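Data first, discussion second: the structure below is written as structure tokens.
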Amino acid sequence: MRLYDMTLSGNCYKVRLFLGMIGQQAELCSIDLRAGEQKRAEFLAINPRGQIPALVDGDMKLGDSQAILVYLARRYADEHWDPLDAVSQGRIASWLSFAANEILYGPATARVGKLFGLPIDTAAVHQKALAALQLLDNHLVTHTWLAEGAQPSIADIAVYPYAALAGDGGIDLTPYTHLNAWFARIRELPGYFGMPGL
Ligand SMILES: N[C@@H](CCC(=O)N[C@@H](CS)C(=O)NCC(=O)O)C(=O)O
């Protein structure tokens with residue numbers, strides 16, 4: 001397996017983290033976004049969206065961190081990471097969508113604004129980030145894991161990185177007691193490792 005990757009990308013980190021947790025190895029191929037390597041023809045042949053992460057496994061080429069988590073879970077991981085019953089599938093899909101929307105447009109955008117100097121509307125982005133973090137904190141009052149199972153699922157891995165990295169975007173995570181307890185539970189899982197900022 002080969003993962004097209006960048007150390008500081010939370011989307012790439014979520015794939016590296018999951019690979020580590022399920023005991024799978026991938027060759028890491030670093031893509032230099034500043035040099036525009038993600039838009040070159042050889043990379044677009046792997047992921048036409050021109051974004052990382054992208055995974056190659058045999059003949060299979062796949063972009064998008066959420067999609068890669070689904071693939072890895074179904075192909076290589078224990079059932080609890082992506083249970084096939086209808087209720088679990090619905091809940092997991094809902095949280096994967098939350099990662100790709102509310103988390104992306106809130107804490108992840110605040111982070112690229114502060115860390116990488118991209119122009120953002122800081123007040124609007126922080127408002128979205130606080131709403132997303134509060135929603136998570138509320139949910140975690142009564143649930144151990146996001147998809148409500150007894151064990152973690154790919155929903156937790158998809159949402160964790162940019163929620164936990166919100167501090168990089170200038171957002172104070174201290175008030176979110178239940179969210180912080182969930183971060184701690186994730187950090188205690190076998191195979192866990194961090195990334196810069198975590
Ligand atoms: N929905 C995608 C988003 C991927 C994404 O935004 N990747 C960023 C790095 S974190 C990227 O490649 N940006 C460069 C570009 O869009 O040109 C995912 O979850 O993987």
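Following the order of the structure tokens, first chain is A, next is B, and so on, with residues numbered from 1 inside each chain and ligands from 1 in the order they appear.
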
All residues having an atom within 9 Å of ligand 1 (only C-alpha atoms and all ligand atoms) as an mmCIF file with all heavy atoms, in the first residue's frame:
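In the end it all went to part_10.cif:
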```cif
data_model
loop_
_atom_site.group_PDB
_atom_site.id
_atom_site.type_symbol
_atom_site.label_atom_id
_atom_site.label_comp_id
_atom_site.auth_asym_id
_atom_site.auth_seq_id
_atom_site.Cartn_x
_atom_site.Cartn_y
_atom_site.Cartn_z
ATOM 1 N N ASP A 5 0.852 11.706 1.067
ATOM 2 C CA ASP A 5 0.763 12.169 2.446
ATOM 3 C C ASP A 5 1.452 13.516 2.627
ATOM 4 O O ASP A 5 2.277 13.931 1.798
ATOM 5 C CB ASP A 5 1.499 11.092 3.274
ATOM 6 C CG ASP A 5 1.494 11.319 4.747
ATOM 7 O OD1 ASP A 5 0.410 11.535 5.291
ATOM 8 O OD2 ASP A 5 2.585 11.271 5.361
ATOM 9 N N MET A 6 1.110 14.206 3.727
ATOM 10 C CA MET A 6 1.876 15.376 4.167
ATOM 11 C C MET A 6 1.779 15.409 5.691
ATOM 12 O O MET A 6 0.670 15.288 6.243
ATOM 13 C CB MET A 6 1.279 16.661 3.576
ATOM 14 C CG MET A 6 2.100 17.892 3.879
ATOM 15 S SD MET A 6 1.296 19.421 3.314
ATOM 16 C CE MET A 6 0.126 19.704 4.624
ATOM 17 N N LEU A 8 1.793 17.628 8.069
ATOM 18 C CA LEU A 8 0.962 18.590 8.796
ATOM 19 C C LEU A 8 -0.515 18.541 8.409
ATOM 20 O O LEU A 8 -1.321 19.307 8.935
ATOM 21 C CB LEU A 8 1.494 20.012 8.573
ATOM 22 C CG LEU A 8 2.813 20.341 9.273
ATOM 23 C CD1 LEU A 8 3.243 21.773 8.964
ATOM 24 C CD2 LEU A 8 2.699 20.149 10.783
ATOM 25 N N SER A 9 -0.883 17.665 7.493
ATOM 26 C CA SER A 9 -2.293 17.560 7.090
ATOM 27 C C SER A 9 -3.065 16.665 8.057
ATOM 28 O O SER A 9 -2.736 15.492 8.232
ATOM 29 C CB SER A 9 -2.384 16.980 5.668
ATOM 30 O OG SER A 9 -3.662 16.400 5.469
ATOM 31 N N GLY A 10 -4.122 17.214 8.651
ATOM 32 C CA GLY A 10 -4.968 16.411 9.536
ATOM 33 C C GLY A 10 -5.702 15.320 8.778
ATOM 34 O O GLY A 10 -5.970 14.246 9.317
ATOM 35 N N ASN A 11 -6.040 15.578 7.514
ATOM 36 C CA ASN A 11 -6.709 14.542 6.720
ATOM 37 C C ASN A 11 -5.776 13.367 6.451
ATOM 38 O O ASN A 11 -6.208 12.212 6.470
ATOM 39 C CB ASN A 11 -7.213 15.132 5.401
ATOM 40 C CG ASN A 11 -8.458 15.974 5.578
ATOM 41 O OD1 ASN A 11 -9.331 15.625 6.371
ATOM 42 N ND2 ASN A 11 -8.545 17.082 4.864
ATOM 43 N N CYS A 12 -4.506 13.665 6.188
ATOM 44 C CA CYS A 12 -3.527 12.576 5.994
ATOM 45 C C CYS A 12 -3.264 11.859 7.311
ATOM 46 O O CYS A 12 -3.168 10.626 7.356
ATOM 47 C CB CYS A 12 -2.225 13.128 5.422
ATOM 48 S SG CYS A 12 -2.401 13.804 3.761
ATOM 49 N N ILE A 31 3.881 14.561 -0.470
ATOM 50 C CA ILE A 31 3.498 15.472 -1.565
ATOM 51 C C ILE A 31 3.690 16.904 -1.071
ATOM 52 O O ILE A 31 3.206 17.270 0.001
ATOM 53 C CB ILE A 31 2.011 15.235 -1.955
ATOM 54 C CG1 ILE A 31 1.834 13.848 -2.577
ATOM 55 C CG2 ILE A 31 1.490 16.324 -2.885
ATOM 56 C CD1 ILE A 31 2.458 13.669 -3.944
ATOM 57 N N LEU A 33 2.611 20.359 -1.222
ATOM 58 C CA LEU A 33 1.469 21.156 -1.705
ATOM 59 C C LEU A 33 1.920 22.538 -2.173
ATOM 60 O O LEU A 33 1.376 23.079 -3.141
ATOM 61 C CB LEU A 33 0.416 21.305 -0.603
ATOM 62 C CG LEU A 33 -0.263 20.017 -0.107
ATOM 63 C CD1 LEU A 33 -1.316 20.351 0.928
ATOM 64 C CD2 LEU A 33 -0.884 19.233 -1.252
ATOM 65 N N ARG A 34 2.893 23.116 -1.460
ATOM 66 C CA ARG A 34 3.356 24.471 -1.835
ATOM 67 C C ARG A 34 3.964 24.468 -3.232
ATOM 68 O O ARG A 34 3.861 25.441 -3.973
ATOM 69 C CB ARG A 34 4.378 24.982 -0.826
ATOM 70 C CG ARG A 34 3.721 25.301 0.505
ATOM 71 C CD ARG A 34 4.474 26.393 1.264
ATOM 72 N NE ARG A 34 3.704 26.789 2.440
ATOM 73 C CZ ARG A 34 4.065 26.521 3.686
ATOM 74 N NH1 ARG A 34 5.180 25.884 3.939
ATOM 75 N NH2 ARG A 34 3.297 26.902 4.691
ATOM 76 N N GLY A 36 2.902 22.554 -5.521
ATOM 77 C CA GLY A 36 1.819 22.203 -6.445
ATOM 78 C C GLY A 36 1.891 20.770 -6.971
ATOM 79 O O GLY A 36 1.286 20.449 -8.006
ATOM 80 N N GLU A 37 2.606 19.892 -6.219
ATOM 81 C CA GLU A 37 2.759 18.512 -6.719
ATOM 82 C C GLU A 37 1.424 17.786 -6.854
ATOM 83 O O GLU A 37 1.299 16.872 -7.671
ATOM 84 C CB GLU A 37 3.682 17.720 -5.778
ATOM 85 C CG GLU A 37 5.152 18.086 -5.933
ATOM 86 C CD GLU A 37 6.053 17.300 -4.994
ATOM 87 O OE1 GLU A 37 5.564 16.464 -4.205
ATOM 88 O OE2 GLU A 37 7.263 17.550 -5.041
ATOM 89 N N GLN A 38 0.412 18.242 -6.064
ATOM 90 C CA GLN A 38 -0.896 17.567 -6.095
ATOM 91 C C GLN A 38 -1.672 17.840 -7.383
ATOM 92 O O GLN A 38 -2.693 17.206 -7.640
ATOM 93 C CB GLN A 38 -1.719 17.954 -4.855
ATOM 94 C CG GLN A 38 -2.336 19.343 -4.873
ATOM 95 C CD GLN A 38 -1.350 20.446 -4.497
ATOM 96 O OE1 GLN A 38 -0.153 20.282 -4.534
ATOM 97 N NE2 GLN A 38 -1.895 21.600 -4.142
ATOM 98 N N LYS A 39 -1.200 18.822 -8.170
ATOM 99 C CA LYS A 39 -1.894 19.156 -9.428
ATOM 100 C C LYS A 39 -1.133 18.649 -10.650
ATOM 101 O O LYS A 39 -1.524 18.929 -11.774
ATOM 102 C CB LYS A 39 -2.087 20.684 -9.548
ATOM 103 C CG LYS A 39 -2.783 21.342 -8.355
ATOM 104 C CD LYS A 39 -4.203 20.821 -8.111
ATOM 105 C CE LYS A 39 -4.879 21.579 -6.964
ATOM 106 N NZ LYS A 39 -5.951 20.844 -6.305
ATOM 107 N N ARG A 49 -8.974 14.620 -8.144
ATOM 108 C CA ARG A 49 -9.355 15.824 -7.388
ATOM 109 C C ARG A 49 -8.134 16.668 -7.032
ATOM 110 O O ARG A 49 -8.275 17.797 -6.558
ATOM 111 C CB ARG A 49 -10.080 15.428 -6.092
ATOM 112 C CG ARG A 49 -11.410 14.744 -6.341
ATOM 113 C CD ARG A 49 -12.125 14.520 -5.013
ATOM 114 N NE ARG A 49 -13.161 13.506 -5.135
ATOM 115 C CZ ARG A 49 -13.848 13.013 -4.104
ATOM 116 N NH1 ARG A 49 -13.601 13.421 -2.885
ATOM 117 N NH2 ARG A 49 -14.778 12.095 -4.306
ATOM 118 N N GLY A 50 -6.952 16.111 -7.213
ATOM 119 C CA GLY A 50 -5.741 16.888 -6.943
ATOM 120 C C GLY A 50 -5.557 17.218 -5.476
ATOM 121 O O GLY A 50 -5.102 18.321 -5.131
ATOM 122 N N GLN A 51 -5.925 16.265 -4.604
ATOM 123 C CA GLN A 51 -5.799 16.490 -3.159
ATOM 124 C C GLN A 51 -5.189 15.257 -2.488
ATOM 125 O O GLN A 51 -5.357 14.127 -2.978
ATOM 126 C CB GLN A 51 -7.183 16.747 -2.547
ATOM 127 C CG GLN A 51 -7.803 18.066 -2.979
ATOM 128 C CD GLN A 51 -9.134 18.312 -2.301
ATOM 129 O OE1 GLN A 51 -9.917 17.389 -2.113
ATOM 130 N NE2 GLN A 51 -9.382 19.548 -1.937
ATOM 131 N N ILE A 52 -4.558 15.515 -1.353
ATOM 132 C CA ILE A 52 -4.122 14.416 -0.495
ATOM 133 C C ILE A 52 -5.040 14.384 0.735
ATOM 134 O O ILE A 52 -5.632 15.431 1.057
ATOM 135 C CB ILE A 52 -2.632 14.582 -0.075
ATOM 136 C CG1 ILE A 52 -2.394 15.990 0.469
ATOM 137 C CG2 ILE A 52 -1.699 14.233 -1.194
ATOM 138 C CD1 ILE A 52 -1.044 16.187 1.117
ATOM 139 N N PRO A 53 -5.199 13.227 1.353
ATOM 140 C CA PRO A 53 -4.519 11.964 1.098
ATOM 141 C C PRO A 53 -5.089 11.230 -0.109
ATOM 142 O O PRO A 53 -6.230 11.453 -0.510
ATOM 143 C CB PRO A 53 -4.797 11.157 2.376
ATOM 144 C CG PRO A 53 -6.142 11.655 2.832
ATOM 145 C CD PRO A 53 -6.150 13.120 2.494
ATOM 146 N N ALA A 54 -4.247 10.334 -0.644
ATOM 147 C CA ALA A 54 -4.703 9.371 -1.644
ATOM 148 C C ALA A 54 -3.995 8.056 -1.338
ATOM 149 O O ALA A 54 -2.839 8.061 -0.898
ATOM 150 C CB ALA A 54 -4.385 9.851 -3.051
ATOM 151 N N GLY A 63 -8.981 8.573 -3.408
ATOM 152 C CA GLY A 63 -8.769 9.838 -2.718
ATOM 153 C C GLY A 63 -9.860 10.040 -1.683
ATOM 154 O O GLY A 63 -10.865 9.323 -1.671
ATOM 155 N N ASP A 64 -9.650 11.026 -0.807
ATOM 156 C CA ASP A 64 -10.587 11.452 0.244
ATOM 157 C C ASP A 64 -10.393 10.624 1.525
ATOM 158 O O ASP A 64 -10.557 9.402 1.526
ATOM 159 C CB ASP A 64 -12.054 11.370 -0.186
ATOM 160 C CG ASP A 64 -12.945 12.060 0.825
ATOM 161 O OD1 ASP A 64 -13.297 11.412 1.830
ATOM 162 O OD2 ASP A 64 -13.256 13.245 0.639
ATOM 163 N N SER A 65 -10.067 11.340 2.591
ATOM 164 C CA SER A 65 -9.732 10.656 3.857
ATOM 165 C C SER A 65 -10.898 9.819 4.379
ATOM 166 O O SER A 65 -10.690 8.700 4.873
ATOM 167 C CB SER A 65 -9.289 11.667 4.910
ATOM 168 O OG SER A 65 -10.290 12.630 5.150
ATOM 169 N N GLN A 66 -12.127 10.337 4.257
ATOM 170 C CA GLN A 66 -13.276 9.565 4.778
ATOM 171 C C GLN A 66 -13.447 8.273 3.975
ATOM 172 O O GLN A 66 -13.654 7.185 4.535
ATOM 173 C CB GLN A 66 -14.561 10.390 4.714
ATOM 174 C CG GLN A 66 -14.806 11.314 5.883
ATOM 175 C CD GLN A 66 -13.788 12.416 6.013
ATOM 176 O OE1 GLN A 66 -13.076 12.494 7.025
ATOM 177 N NE2 GLN A 66 -13.684 13.271 5.019
ATOM 178 N N ALA A 67 -13.346 8.400 2.640
ATOM 179 C CA ALA A 67 -13.494 7.217 1.776
ATOM 180 C C ALA A 67 -12.392 6.199 2.064
ATOM 181 O O ALA A 67 -12.644 4.980 2.087
ATOM 182 C CB ALA A 67 -13.440 7.648 0.307
ATOM 183 N N ILE A 68 -11.183 6.691 2.332
ATOM 184 C CA ILE A 68 -10.072 5.768 2.611
ATOM 185 C C ILE A 68 -10.307 5.032 3.935
ATOM 186 O O ILE A 68 -10.033 3.824 4.038
ATOM 187 C CB ILE A 68 -8.725 6.537 2.603
ATOM 188 C CG1 ILE A 68 -8.438 7.074 1.189
ATOM 189 C CG2 ILE A 68 -7.588 5.635 3.074
ATOM 190 C CD1 ILE A 68 -7.267 8.054 1.114
ATOM 191 N N ALA A 99 -17.459 15.410 9.537
ATOM 192 C CA ALA A 99 -16.013 15.665 9.413
ATOM 193 C C ALA A 99 -15.717 16.468 8.149
ATOM 194 O O ALA A 99 -14.859 17.351 8.140
ATOM 195 C CB ALA A 99 -15.237 14.344 9.402
ATOM 196 N N ALA A 100 -16.437 16.152 7.080
ATOM 197 C CA ALA A 100 -16.154 16.788 5.777
ATOM 198 C C ALA A 100 -16.865 18.137 5.619
ATOM 199 O O ALA A 100 -16.608 18.841 4.634
ATOM 200 C CB ALA A 100 -16.574 15.849 4.650
ATOM 201 N N ASN A 101 -17.724 18.486 6.560
ATOM 202 C CA ASN A 101 -18.453 19.753 6.457
ATOM 203 C C ASN A 101 -18.210 20.630 7.693
ATOM 204 O O ASN A 101 -17.353 21.504 7.665
ATOM 205 C CB ASN A 101 -19.947 19.476 6.228
ATOM 206 C CG ASN A 101 -20.185 18.931 4.829
ATOM 207 O OD1 ASN A 101 -20.257 19.697 3.878
ATOM 208 N ND2 ASN A 101 -20.282 17.623 4.660
ATOM 209 N N LEU A 104 -14.598 20.629 8.766
ATOM 210 C CA LEU A 104 -13.751 21.268 7.750
ATOM 211 C C LEU A 104 -13.923 22.787 7.749
ATOM 212 O O LEU A 104 -12.945 23.535 7.784
ATOM 213 C CB LEU A 104 -14.078 20.700 6.364
ATOM 214 C CG LEU A 104 -13.422 21.442 5.194
ATOM 215 C CD1 LEU A 104 -11.908 21.278 5.224
ATOM 216 C CD2 LEU A 104 -13.979 20.961 3.863
ATOM 217 N N ALA A 108 -10.975 23.165 11.144
ATOM 218 C CA ALA A 108 -9.906 22.917 10.158
ATOM 219 C C ALA A 108 -9.582 24.196 9.389
ATOM 220 O O ALA A 108 -8.419 24.490 9.099
ATOM 221 C CB ALA A 108 -10.317 21.796 9.202
ATOM 222 N N ALA A 158 -12.351 9.891 11.995
ATOM 223 C CA ALA A 158 -12.576 10.950 11.001
ATOM 224 C C ALA A 158 -12.700 12.326 11.654
ATOM 225 O O ALA A 158 -12.213 13.320 11.122
ATOM 226 C CB ALA A 158 -13.834 10.640 10.184
#
```

Quick one: residues within 10 Å of A:Asp57, only C-alpha atoms counted, chain neighbours fewer than 5 positions away excluded, as a ChimeraX atom specification? /A:1-3,26,62,72

Emit the selected residues as a compact mmCIF listing (two decimals), in the first residue's frame, including all heavy atoms.
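Once everything was written out, this is selection_14.txt:
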```
# COMPACT_ATOMS: atom_id res chain seq x y z
N MET A 1 0.84 -1.19 0.00
CA MET A 1 0.00 0.00 0.00
C MET A 1 0.88 1.24 0.00
O MET A 1 1.89 1.27 0.69
CB MET A 1 -0.83 0.03 1.29
CG MET A 1 -2.29 -0.20 1.07
SD MET A 1 -3.25 0.03 2.58
CE MET A 1 -2.68 -1.28 3.63
N ARG A 2 0.45 2.26 -0.72
CA ARG A 2 1.18 3.53 -0.70
C ARG A 2 0.21 4.65 -0.35
O ARG A 2 -0.89 4.73 -0.94
CB ARG A 2 1.83 3.79 -2.06
CG ARG A 2 2.64 5.09 -2.02
CD ARG A 2 3.27 5.44 -3.36
NE ARG A 2 4.10 4.35 -3.84
CZ ARG A 2 4.13 3.93 -5.11
NH1 ARG A 2 3.36 4.51 -6.00
NH2 ARG A 2 4.91 2.95 -5.47
N LEU A 3 0.61 5.50 0.61
CA LEU A 3 -0.22 6.65 1.00
C LEU A 3 0.47 7.93 0.58
O LEU A 3 1.61 8.19 0.97
CB LEU A 3 -0.43 6.65 2.52
CG LEU A 3 -1.23 7.85 3.07
CD1 LEU A 3 -2.68 7.82 2.57
CD2 LEU A 3 -1.18 7.87 4.59
N ALA A 26 1.90 1.20 5.39
CA ALA A 26 1.85 1.79 4.03
C ALA A 26 3.15 2.55 3.80
O ALA A 26 3.69 3.16 4.73
CB ALA A 26 0.65 2.73 3.90
N LEU A 62 -7.53 5.59 -4.51
CA LEU A 62 -8.66 6.21 -3.82
C LEU A 62 -8.22 7.50 -3.14
O LEU A 62 -7.25 7.53 -2.39
CB LEU A 62 -9.20 5.23 -2.77
CG LEU A 62 -10.52 5.56 -2.08
CD1 LEU A 62 -11.67 5.63 -3.08
CD2 LEU A 62 -10.82 4.52 -1.01
N LEU A 72 -10.34 1.02 4.20
CA LEU A 72 -9.42 0.28 5.08
C LEU A 72 -10.18 -0.52 6.12
O LEU A 72 -9.80 -1.66 6.44
CB LEU A 72 -8.46 1.26 5.78
CG LEU A 72 -7.44 1.95 4.88
CD1 LEU A 72 -6.68 3.03 5.66
CD2 LEU A 72 -6.44 0.92 4.30
```

Choose the residue, out of A:Ala131, A:Val15, A:Leu179, A:Ala110, that has the smallest atom-to-atom separation from A:Tyr71; count only C-alpha atoms. A:Val15

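The closest residue to A:Trp145, picked from A:Glu27, A:Phe43, A:Trp95, A:Ile22 and counting only C-alpha atoms, is A:Trp95.
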
Skip stretch 114-117 of chain A itself and residues of its chain fewer than 6 positions away, then list as a ChimeraX atom specification all residues within 12 Å of it, counting only C-alpha atoms. /A:8-9,33-34,107-108,125-126,165-171,196-197

Could you find all residues in chain A that DSSP calls alpha helix (DSSP H) from the backbone, and write them as a PyMOL selection string? chain A and resi 10-21+41-44+65-76+86-98+109-116+122-142+154-164+177-187

Only C-alpha atoms, please: the residues just picked out, written as a tab-separated table (two decimals), in the first residue's frame.
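And here's part-v4.tsv as it stands now:
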```tsv
chain	number	residue	atom	x	y	z
A	10	GLY	CA	-4.97	16.41	9.54
A	11	ASN	CA	-6.71	14.54	6.72
A	12	CYS	CA	-3.53	12.58	5.99
A	13	TYR	CA	-2.92	12.06	9.71
A	14	LYS	CA	-6.34	10.44	10.19
A	15	VAL	CA	-5.39	7.80	7.59
A	16	ARG	CA	-1.90	7.27	9.08
A	17	LEU	CA	-3.47	6.97	12.55
A	18	PHE	CA	-6.04	4.42	11.42
A	19	LEU	CA	-3.42	2.37	9.60
A	20	GLY	CA	-1.41	2.31	12.84
A	21	MET	CA	-4.42	1.32	14.93
A	41	ALA	CA	-0.37	14.88	-14.14
A	42	GLU	CA	1.26	11.91	-12.40
A	43	PHE	CA	-0.61	12.66	-9.17
A	44	LEU	CA	-3.92	13.50	-10.91
A	65	SER	CA	-9.73	10.66	3.86
A	66	GLN	CA	-13.28	9.56	4.78
A	67	ALA	CA	-13.49	7.22	1.78
A	68	ILE	CA	-10.07	5.77	2.61
A	69	LEU	CA	-11.16	5.05	6.19
A	70	VAL	CA	-14.21	3.18	4.87
A	71	TYR	CA	-12.04	1.16	2.48
A	72	LEU	CA	-9.42	0.28	5.08
A	73	ALA	CA	-12.05	-0.64	7.67
A	74	ARG	CA	-13.95	-2.94	5.33
A	75	ARG	CA	-10.82	-4.50	3.88
A	76	TYR	CA	-8.48	-4.84	6.85
A	86	ALA	CA	-28.22	-0.28	9.03
A	87	VAL	CA	-28.28	1.88	12.16
A	88	SER	CA	-24.48	1.89	12.55
A	89	GLN	CA	-23.96	2.59	8.85
A	90	GLY	CA	-26.34	5.55	9.02
A	91	ARG	CA	-24.70	6.97	12.13
A	92	ILE	CA	-21.19	6.53	10.76
A	93	ALA	CA	-22.10	8.15	7.43
A	94	SER	CA	-23.57	11.08	9.34
A	95	TRP	CA	-20.32	11.63	11.29
A	96	LEU	CA	-18.13	11.20	8.20
A	97	SER	CA	-20.22	13.94	6.60
A	98	PHE	CA	-19.80	16.07	9.75
A	109	THR	CA	-10.36	26.24	8.32
A	110	ALA	CA	-9.43	28.22	11.46
A	111	ARG	CA	-6.21	26.18	11.57
A	112	VAL	CA	-5.19	26.76	7.94
A	113	GLY	CA	-5.92	30.46	8.44
A	114	LYS	CA	-3.66	30.79	11.48
A	115	LEU	CA	-0.99	28.17	10.74
A	116	PHE	CA	-0.60	28.61	6.98
A	122	THR	CA	-11.87	34.62	11.24
A	123	ALA	CA	-15.02	35.66	13.15
A	124	ALA	CA	-17.35	33.61	10.90
A	125	VAL	CA	-15.03	30.59	10.88
A	126	HIS	CA	-14.61	30.67	14.68
A	127	GLN	CA	-18.39	30.84	15.07
A	128	LYS	CA	-18.73	27.68	12.95
A	129	ALA	CA	-15.91	25.99	14.87
A	130	LEU	CA	-17.47	26.74	18.26
A	131	ALA	CA	-20.84	25.44	17.06
A	132	ALA	CA	-19.26	22.19	15.82
A	133	LEU	CA	-17.26	21.68	19.02
A	134	GLN	CA	-20.31	22.39	21.19
A	135	LEU	CA	-22.38	19.90	19.19
A	136	LEU	CA	-19.69	17.26	19.77
A	137	ASP	CA	-19.45	18.08	23.47
A	138	ASN	CA	-23.23	17.77	23.85
A	139	HIS	CA	-23.28	14.42	22.04
A	140	LEU	CA	-20.45	13.07	24.18
A	141	VAL	CA	-22.33	13.79	27.42
A	142	THR	CA	-24.25	10.57	26.84
A	154	ILE	CA	-14.12	5.17	11.89
A	155	ALA	CA	-16.45	8.06	12.83
A	156	ASP	CA	-14.18	8.78	15.80
A	157	ILE	CA	-11.05	8.67	13.66
A	158	ALA	CA	-12.58	10.95	11.00
A	159	VAL	CA	-13.64	13.67	13.43
A	160	TYR	CA	-10.80	13.52	15.96
A	161	PRO	CA	-7.84	15.21	14.18
A	162	TYR	CA	-9.23	18.63	13.30
A	163	ALA	CA	-11.37	18.81	16.47
A	164	ALA	CA	-8.29	18.09	18.60
A	177	THR	CA	-15.13	18.77	29.18
A	178	HIS	CA	-16.78	15.84	27.41
A	179	LEU	CA	-14.87	16.47	24.21
A	180	ASN	CA	-11.58	16.46	26.15
A	181	ALA	CA	-12.56	13.19	27.84
A	182	TRP	CA	-13.22	11.69	24.38
A	183	PHE	CA	-9.82	12.93	23.14
A	184	ALA	CA	-8.26	11.13	26.13
A	185	ARG	CA	-10.15	7.91	25.31
A	186	ILE	CA	-8.89	8.03	21.72
A	187	ARG	CA	-5.31	8.65	22.90
```

Which residues in stretch 12-98 of chain A does DSSP call strand (DSSP E)? List them as a list in words. Glu27, Leu28, Cys29, Ser30, Ala54, Leu55, Val56, Asp57, Met60, Lys61, Leu62 and Gly63 of chain A
